[in-house]
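**Q** You'll find target.txt just under this line, and it carries compact mmCIF, C-alpha atoms.
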# COMPACT_ATOMS: atom_id res chain seq x y z
CA GLY A 1 8.51 19.06 5.82
CA ARG A 2 6.09 16.63 4.23
CA TRP A 3 2.96 17.57 6.22
CA LEU A 4 0.60 19.45 4.01
CA GLY A 5 -0.51 22.97 4.81
CA ARG A 6 -0.08 25.06 7.94
CA LEU A 7 -3.58 26.43 8.55
CA PRO A 8 -5.14 25.09 11.75
CA ARG A 9 -7.36 22.09 11.14
CA PRO A 10 -8.59 19.08 13.12
CA CYS A 11 -6.12 16.21 13.39
CA VAL A 12 -7.38 13.42 11.10
CA LEU A 13 -6.91 10.86 13.90
CA CYS A 14 -8.15 12.59 17.07
CA SER A 15 -9.79 15.86 15.85
CA GLN A 16 -7.59 18.01 18.11
CA TRP A 17 -6.75 21.29 16.36
CA CYS A 18 -3.25 21.38 14.88
CA ASP A 19 -1.25 23.06 12.11
CA ALA A 20 -0.88 19.91 10.03
CA GLY A 21 -2.87 16.79 9.26
CA PHE A 22 -1.66 14.96 12.38
CA CYS A 23 -1.31 16.63 15.77
CA SER A 24 1.98 16.31 17.65
CA ASP A 25 0.46 13.85 20.14
CA CYS A 26 -0.76 11.50 17.39
CA ARG A 27 2.49 11.84 15.47
CA GLN A 28 4.42 10.78 18.56
CA ARG A 29 1.97 8.00 19.43
CA PHE A 30 1.13 6.57 16.00
CA LEU A 31 3.80 7.77 13.53
CA ALA A 32 6.98 7.05 15.46
CA ASP A 33 8.90 3.89 14.57
CA GLY A 34 6.72 0.88 15.29
CA PRO A 35 7.77 -2.68 16.10
CA PRO A 36 10.62 -4.26 14.09
CA ARG A 37 9.19 -6.05 11.06
CA CYS A 38 10.13 -8.80 8.67
CA PRO A 39 11.60 -6.97 5.65
CA ARG A 40 9.89 -9.42 3.29
CA CYS A 41 6.26 -9.43 4.50
CA ALA A 42 6.19 -6.54 7.03
CA LEU A 43 4.73 -8.60 9.88
CA PRO A 44 6.33 -7.92 13.26
CA SER A 45 9.52 -9.96 13.64
CA PRO A 46 12.22 -9.86 16.34
CA ALA A 47 15.10 -7.50 15.52
CA GLY A 48 13.64 -6.92 12.05
CA GLN A 49 14.88 -10.30 10.82
CA PRO A 50 13.10 -12.30 8.07
CA CYS A 51 10.29 -14.30 9.68
CA GLY A 52 10.09 -18.08 9.62
CA ALA A 53 7.22 -18.12 7.13
CA CYS A 54 9.17 -16.00 4.61
CA LEU A 55 12.30 -18.11 5.09
CA ARG A 56 10.29 -21.27 4.37
CA HIS A 57 8.15 -19.86 1.54
CA PRO A 58 9.52 -16.52 0.30
CA PRO A 59 6.89 -14.35 -1.41
CA PRO A 60 7.65 -13.25 -4.97
CA TYR A 61 8.14 -9.63 -3.89
CA THR A 62 11.51 -8.79 -2.34
CA HIS A 63 10.47 -6.28 0.34
CA CYS A 64 7.31 -4.96 1.98
CA THR A 65 7.15 -1.60 3.75
CA THR A 66 4.18 -0.52 5.84
CA LEU A 67 3.18 2.48 7.90
CA ALA A 68 1.42 0.57 10.69
CA ASP A 69 -0.68 -2.42 11.67
CA TYR A 70 -4.25 -2.41 10.34
CA ALA A 71 -5.71 -1.54 13.75
CA PHE A 72 -6.86 1.53 15.67
CA PRO A 73 -6.66 4.33 14.55
CA TRP A 74 -5.47 3.49 11.02
CA ASP A 75 -8.33 1.11 10.22
CA ARG A 76 -10.86 3.94 10.72
CA LEU A 77 -8.83 6.42 8.69
CA ILE A 78 -8.28 3.99 5.80
CA THR A 79 -12.00 3.14 5.78
CA ARG A 80 -12.78 6.85 5.39
CA PHE A 81 -10.22 7.15 2.60
CA LYS A 82 -11.32 4.02 0.75
CA PHE A 83 -15.07 3.63 1.22
CA ARG A 84 -16.41 7.02 2.33
CA GLN A 85 -15.41 9.15 -0.64
CA GLN A 86 -12.49 10.94 1.02
CA PRO A 87 -9.68 10.58 -1.56
CA GLU A 88 -8.28 13.91 -0.33
CA LEU A 89 -6.72 11.94 2.57
CA ALA A 90 -4.30 10.38 0.06
CA GLY A 91 -1.80 13.24 0.30
CA LEU A 92 -1.44 12.98 4.05
CA LEU A 93 -1.31 9.16 4.04
CA ALA A 94 1.21 9.01 1.19
CA ALA A 95 3.46 11.55 2.95
CA ALA A 96 3.41 9.47 6.14
CA LEU A 97 4.32 6.30 4.22
CA ALA A 98 7.03 8.19 2.29
CA ASP A 99 8.64 9.14 5.61
CA VAL A 100 8.80 5.43 6.53
CA LEU A 101 10.34 4.62 3.13
CA ASP A 102 12.99 7.29 3.71
CA ARG A 103 14.02 5.47 6.89
CA GLN A 104 14.58 2.17 5.00
CA PRO A 105 18.08 2.54 3.55
CA LEU A 106 18.33 -0.99 2.13
CA LEU A 107 15.39 -0.71 -0.26
CA PRO A 108 16.26 -0.90 -3.97
CA GLN A 109 15.50 2.33 -5.82
CA ALA A 110 12.20 1.86 -7.64
CA GLN A 111 12.05 3.13 -11.20
CA TRP A 112 8.25 2.94 -11.47
CA VAL A 113 5.43 2.94 -8.93
CA LEU A 114 2.28 1.01 -9.85
CA PRO A 115 -1.02 0.72 -7.99
CA VAL A 116 -2.69 -2.60 -7.33
CA PRO A 117 -5.48 -2.31 -9.92
CA LEU A 118 -9.24 -2.41 -9.44
CA SER A 119 -11.47 -4.12 -11.95
CA PRO A 120 -13.40 -1.74 -14.24
CA ALA A 121 -16.62 -2.60 -12.39
CA ARG A 122 -15.12 -1.90 -8.95
CA LEU A 123 -13.54 1.33 -10.21
CA ALA A 124 -16.91 2.49 -11.56
CA GLU A 125 -18.56 1.58 -8.24
CA ARG A 126 -16.03 3.51 -6.12
CA GLY A 127 -15.16 6.30 -8.53
CA TYR A 128 -11.42 6.20 -7.83
CA ASN A 129 -8.70 3.65 -7.14
CA GLN A 130 -7.36 4.45 -3.68
CA ALA A 131 -4.10 2.63 -4.54
CA TRP A 132 -3.53 4.98 -7.50
CA GLU A 133 -4.25 8.05 -5.36
CA LEU A 134 -1.41 6.86 -3.10
CA ALA A 135 0.90 5.61 -5.87
CA ARG A 136 1.01 8.84 -7.87
CA ARG A 137 1.89 10.86 -4.76
CA LEU A 138 4.47 8.32 -3.60
CA GLY A 139 6.09 8.41 -7.04
CA ALA A 140 6.49 12.19 -6.68
CA HIS A 141 7.90 11.84 -3.16
CA GLN A 142 10.37 9.14 -4.23
CA HIS A 143 11.36 10.85 -7.50
CA CYS A 144 10.23 8.05 -9.79
CA GLY A 145 7.48 7.63 -12.36
CA ALA A 146 3.98 6.33 -11.58
CA ARG A 147 1.56 4.71 -14.03
CA PRO A 148 -1.99 3.39 -13.52
CA GLY A 149 -2.44 1.37 -16.72
CA TRP A 150 0.56 -0.94 -16.88
CA LEU A 151 -0.99 -3.54 -14.55
CA LEU A 152 -4.66 -4.37 -15.08
CA ARG A 153 -7.25 -6.50 -13.34
CA LEU A 154 -9.00 -8.32 -16.15
CA ARG A 155 -12.11 -9.34 -14.32
CA ASP A 156 -14.00 -8.52 -11.19
CA THR A 157 -13.26 -10.74 -8.23
CA PRO A 158 -15.56 -11.14 -5.24
CA HIS A 159 -14.72 -8.91 -2.28
CA GLN A 160 -11.72 -10.44 -0.51
CA VAL A 161 -12.80 -9.40 2.98
CA GLY A 162 -13.32 -12.44 5.21
CA LEU A 163 -11.84 -14.94 2.74
CA GLY A 164 -8.99 -17.29 3.62
CA ARG A 165 -5.78 -17.63 1.65
CA GLN A 166 -6.94 -20.44 -0.68
CA ALA A 167 -10.18 -18.65 -1.57
CA ARG A 168 -8.24 -15.43 -2.23
CA GLU A 169 -5.76 -17.24 -4.47
CA ALA A 170 -8.60 -18.85 -6.44
CA ASN A 171 -10.26 -15.42 -6.79
CA LEU A 172 -7.13 -13.83 -8.21
CA ARG A 173 -5.89 -16.63 -10.47
CA ASP A 174 -5.29 -15.12 -13.92
CA ALA A 175 -7.02 -11.86 -12.91
CA MET A 176 -3.88 -9.69 -13.26
CA TRP A 177 -2.46 -8.77 -16.67
CA VAL A 178 0.32 -6.52 -18.00
CA PRO A 179 -0.66 -5.03 -21.40
CA PRO A 180 1.92 -4.70 -24.22
CA GLU A 181 2.72 -1.06 -23.40
CA GLY A 182 3.50 -2.10 -19.82
CA ARG A 183 5.66 -5.02 -20.94
CA ARG A 184 7.78 -2.72 -23.10
CA ALA A 185 8.18 -0.10 -20.39
CA LEU A 186 8.75 -2.34 -17.35
CA ALA A 187 11.22 -4.86 -18.76
CA GLY A 188 14.31 -4.98 -16.57
CA CYS A 189 12.97 -2.37 -14.12
CA GLN A 190 12.73 -2.29 -10.34
CA LEU A 191 9.08 -1.68 -9.43
CA ALA A 192 7.13 -0.63 -6.36
CA LEU A 193 3.57 -1.94 -6.01
CA VAL A 194 1.24 0.19 -3.87
CA ASP A 195 -1.92 -0.77 -1.99
CA ASP A 196 -3.82 0.50 1.02
CA VAL A 197 -3.86 -2.71 3.12
CA MET A 198 -2.06 -6.04 2.91
CA THR A 199 -4.01 -8.85 4.58
CA THR A 200 -2.66 -12.24 3.47
CA GLY A 201 -0.29 -11.01 0.77
CA VAL A 202 -2.13 -13.00 -1.91
CA THR A 203 -3.15 -9.93 -3.96
CA ALA A 204 0.37 -8.50 -3.85
CA ALA A 205 1.81 -11.90 -4.80
CA ALA A 206 -0.55 -12.29 -7.78
CA ALA A 207 0.28 -8.79 -9.02
CA THR A 208 4.01 -9.39 -8.49
CA GLN A 209 3.91 -12.66 -10.40
CA ALA A 210 2.23 -10.92 -13.35
CA LEU A 211 4.89 -8.17 -13.32
CA LEU A 212 7.79 -10.62 -13.08
CA ALA A 213 6.32 -12.71 -15.89
CA ALA A 214 6.22 -9.49 -17.97
CA GLY A 215 9.96 -9.00 -17.45
CA ALA A 216 10.30 -6.80 -14.34
CA ALA A 217 13.64 -7.21 -12.56
CA GLY A 218 12.13 -7.04 -9.08
CA VAL A 219 9.06 -5.87 -7.17
CA GLN A 220 8.75 -4.37 -3.69
CA VAL A 221 5.43 -3.59 -2.00
CA TRP A 222 4.42 -0.38 -0.20
CA VAL A 223 1.22 -0.48 1.87
CA LEU A 224 -0.37 1.86 4.39
CA ALA A 225 -1.27 -0.94 6.79
CA ARG A 226 -0.55 -4.62 7.41
CA THR A 227 -3.20 -6.86 8.96
CA PRO A 228 -1.73 -8.60 12.03
CA PRO A 229 -1.85 -12.42 12.10
CA PRO A 230 -5.01 -13.96 13.62
CA GLY A 231 -4.79 -14.02 17.39
CA ASP A 232 -2.36 -11.11 17.72
Written as structure tokens, that's how I'd like the structure from this file.

**A**
Amino acid sequence: GRWLGRLPRPCVLCSQWCDAGFCSDCRQRFLADGPPRCPRCALPSPAGQPCGACLRHPPPYTHCTTLADYAFPWDRLITRFKFRQQPELAGLLAAALADVLDRQPLLPQAQWVLPVPLSPARLAERGYNQAWELARRLGAHQHCGARPGWLLRLRDTPHQVGLGRQAREANLRDAMWVPPEGRRALAGCQLALVDDVMTTGVTAAAATQALLAAGAAGVQVWVLARTPPPGD
């Protein structure tokens, strides 16, 4: 019941005409349960057990939920949503991710949903924060509040694409900040942090650390897609 609208329209993945955003073939092929994943970082992991990397070095966030790997056809769809001025795709994408969240019974109930922030310069360049377009819809689906201004990115960081983990960490050091209003509101709360793609987890970790330092009780991460490890 989450798929928006019933007028015939082209499927957003294959362009076949259907009565919802995804045709039945694509829903069966791309929206059915994917491989079992590590509950902490959302990379594929046998039997859905925590992976070795997360057992050795647990990330600061407690869970990560994803719709799919960042690969065909999701990479093309997310590129349209993020870089080609198609924020209207947010409703369909958020509904698909909400269905995955509904199938994860062990997740703590989030009290607030926050987007990974863009810097003011990047927001002006793009015109919208794709993470906020997702977060506000996911908050409505999950019956919790959503706020865009309680986690801020203080300064612009170079584009992260193509950078390794150490360069990403250096980029993000001290870039995330929780303003006083956010500190008052988030203290002791369970939070969900939303982004479009998780690549190394460095951005989510930096944002989580800022939220925990501001007094949040715990942070989980919800992303549309998870970049597979190199070589997969």

**Q** Each residue of range 75-160 of chain A lying at most 12 Å from range 37-54 of chain A should get a row with its shortest atom-to-atom pair and the distance in Å to one decimal, counting all atoms listed in the file; could you produce that, ordered by chain and increasing number, as CSV?

**A**
residue,atom,partner,partner_atom,distance
A:Leu101,CA,A:Pro39,CA,11.9
A:Gln104,CA,A:Pro39,CA,9.6
A:Pro105,CA,A:Pro39,CA,11.7
A:Leu106,CA,A:Pro39,CA,9.7
A:Leu107,CA,A:Pro39,CA,9.4

**Q** Suppose you want the space between CA of Ala187 in chain A and CA of Gly145 in chain A; what is it in Å?

**A**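 Result for CA of Ala187 in chain A versus CA of Gly145 in chain A: 14.5 Å, one decimal.
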
**Q** Using only C-alpha atoms, which of the listed residues (A:Gly127, A:Gly201, A:Pro8, A:Pro229) sits closest to Lys82 in chain A?

**A**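 Closest candidate: A:Gly127.
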
**Q** Can you pull out the residues contacting range 72-74 of chain A? Cut-off 8 Å, using all atoms listed in the file, and skip same-chain residues under 4 positions away; I want them as number ranges by chain.

**A** A: 13, 68, 78, 225

**Q** Emit the selected residues as a compact mmCIF listing (two decimals), keeping the file's coordinate frame, including C-alpha atoms.

**A**
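Output file result-v9.txt follows:
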# COMPACT_ATOMS: atom_id res chain seq x y z
CA LEU A 13 -6.91 10.86 13.90
CA ALA A 68 1.42 0.57 10.69
CA ILE A 78 -8.28 3.99 5.80
CA ALA A 225 -1.27 -0.94 6.79

**Q** Mind pulling up the distance from CA of Thr199 in chain A to CA of Pro230 in chain A?

**A**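 Taking CA of Pro230 in chain A as the start and CA of Thr199 in chain A as the end point, the length is 10.4 Å.
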
**Q** Separation of CA of Ala192 in chain A and CA of Ala213 in chain A, in Å?

**A**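 Computing the Euclidean distance for CA of Ala192 in chain A and CA of Ala213 in chain A yields 15.4 Å.
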
**Q** Which one is closest to Asp33 in chain A: A:Leu93, A:Val178, A:Val100, A:Cys14? Count all atoms listed in the file.

**A**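 Of A:Leu93, A:Val178, A:Val100, A:Cys14, the one nearest Asp33 in chain A, counting all atoms listed in the file, is A:Val100.
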
**Q** Per residue of range 3-108 of chain A within 10 Å of range 128-137 of chain A, record the nearest atom pair and its distance in Å to one decimal, counting all atoms listed in the file, with rows in chain order and ascending residue number, as CSV.

**A**
residue,atom,partner,partner_atom,distance
A:Ile78,CA,A:Gln130,CA,9.5
A:Phe81,CA,A:Gln130,CA,7.4
A:Lys82,CA,A:Gln130,CA,6.0
A:Phe83,CA,A:Gln130,CA,9.2
A:Gln85,CA,A:Tyr128,CA,8.7
A:Gln86,CA,A:Gln130,CA,9.5
A:Pro87,CA,A:Gln130,CA,6.9
A:Glu88,CA,A:Glu133,CA,8.7
A:Leu89,CA,A:Glu133,CA,9.2
A:Ala90,CA,A:Leu134,CA,5.5
A:Gly91,CA,A:Arg137,CA,6.7
A:Leu92,CA,A:Leu134,CA,9.4
A:Leu93,CA,A:Leu134,CA,7.5
A:Ala94,CA,A:Leu134,CA,5.5
A:Ala95,CA,A:Arg137,CA,7.9
A:Leu97,CA,A:Leu134,CA,9.3
A:Ala98,CA,A:Arg137,CA,9.1

**Q** Quick one: of A:Gly218, A:Pro35, A:Pro148, A:Pro10, who's nearest to Cys23 in chain A, counting all atoms listed in the file?

**A**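 Smallest separation from Cys23 in chain A among the options: A:Pro10.
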
**Q** Give, as JSON, the centre coordinates and the x, y and z edge lengths in Å to one decimal for an axis-aligned box around all listed atoms of range 184-191 of chain A, padded by 4 Å on each side.

**A**
{"center_x": 11.0, "center_y": -2.5, "center_z": -16.3, "size_x": 14.5, "size_y": 12.9, "size_z": 21.7}

**Q** What lies within 10 Å of Met198 in chain A using all atoms listed in the file, ignoring chain neighbours under 3 positions off, as a ChimeraX atom specification?

**A** /A:41-42,64,66,69-70,194-195,201-204,221-228

**Q** Taking 5 positions as the minimum chain separation for residues in the same chain, which residues sit within 12 Å of Leu212 in chain A when counting all atoms listed in the file? Answer as a count of residues only.

**A** 23

**Q** Got a sec to check which residues sit within 10 Å of (-0.5, 13.1, 16.9), counting only C-alpha atoms, and write them as a PyMOL selection string?

**A** chain A and resi 11-16+18+20-32

**Q** Using C-alpha atoms, can you write the selected residues to a file as an mmCIF file, in the coordinates of the input?

**A**
data_model
loop_
_atom_site.group_PDB
_atom_site.id
_atom_site.type_symbol
_atom_site.label_atom_id
_atom_site.label_comp_id
_atom_site.auth_asym_id
_atom_site.auth_seq_id
_atom_site.Cartn_x
_atom_site.Cartn_y
_atom_site.Cartn_z
ATOM 1 C CA CYS A 11 -6.120 16.210 13.390
ATOM 2 C CA VAL A 12 -7.380 13.420 11.100
ATOM 3 C CA LEU A 13 -6.910 10.860 13.900
ATOM 4 C CA CYS A 14 -8.150 12.590 17.070
ATOM 5 C CA SER A 15 -9.790 15.860 15.850
ATOM 6 C CA GLN A 16 -7.590 18.010 18.110
ATOM 7 C CA CYS A 18 -3.250 21.380 14.880
ATOM 8 C CA ALA A 20 -0.880 19.910 10.030
ATOM 9 C CA GLY A 21 -2.870 16.790 9.260
ATOM 10 C CA PHE A 22 -1.660 14.960 12.380
ATOM 11 C CA CYS A 23 -1.310 16.630 15.770
ATOM 12 C CA SER A 24 1.980 16.310 17.650
ATOM 13 C CA ASP A 25 0.460 13.850 20.140
ATOM 14 C CA CYS A 26 -0.760 11.500 17.390
ATOM 15 C CA ARG A 27 2.490 11.840 15.470
ATOM 16 C CA GLN A 28 4.420 10.780 18.560
ATOM 17 C CA ARG A 29 1.970 8.000 19.430
ATOM 18 C CA PHE A 30 1.130 6.570 16.000
ATOM 19 C CA LEU A 31 3.800 7.770 13.530
ATOM 20 C CA ALA A 32 6.980 7.050 15.460
#

**Q** Extract, using all atoms listed in the file, all DNA, RNA and protein residues at most 9 Å from Leu154 in chain A, discarding same-chain residues fewer than 3 positions from it, and format them as a ChimeraX atom specification.

**A** /A:118-120,174-177
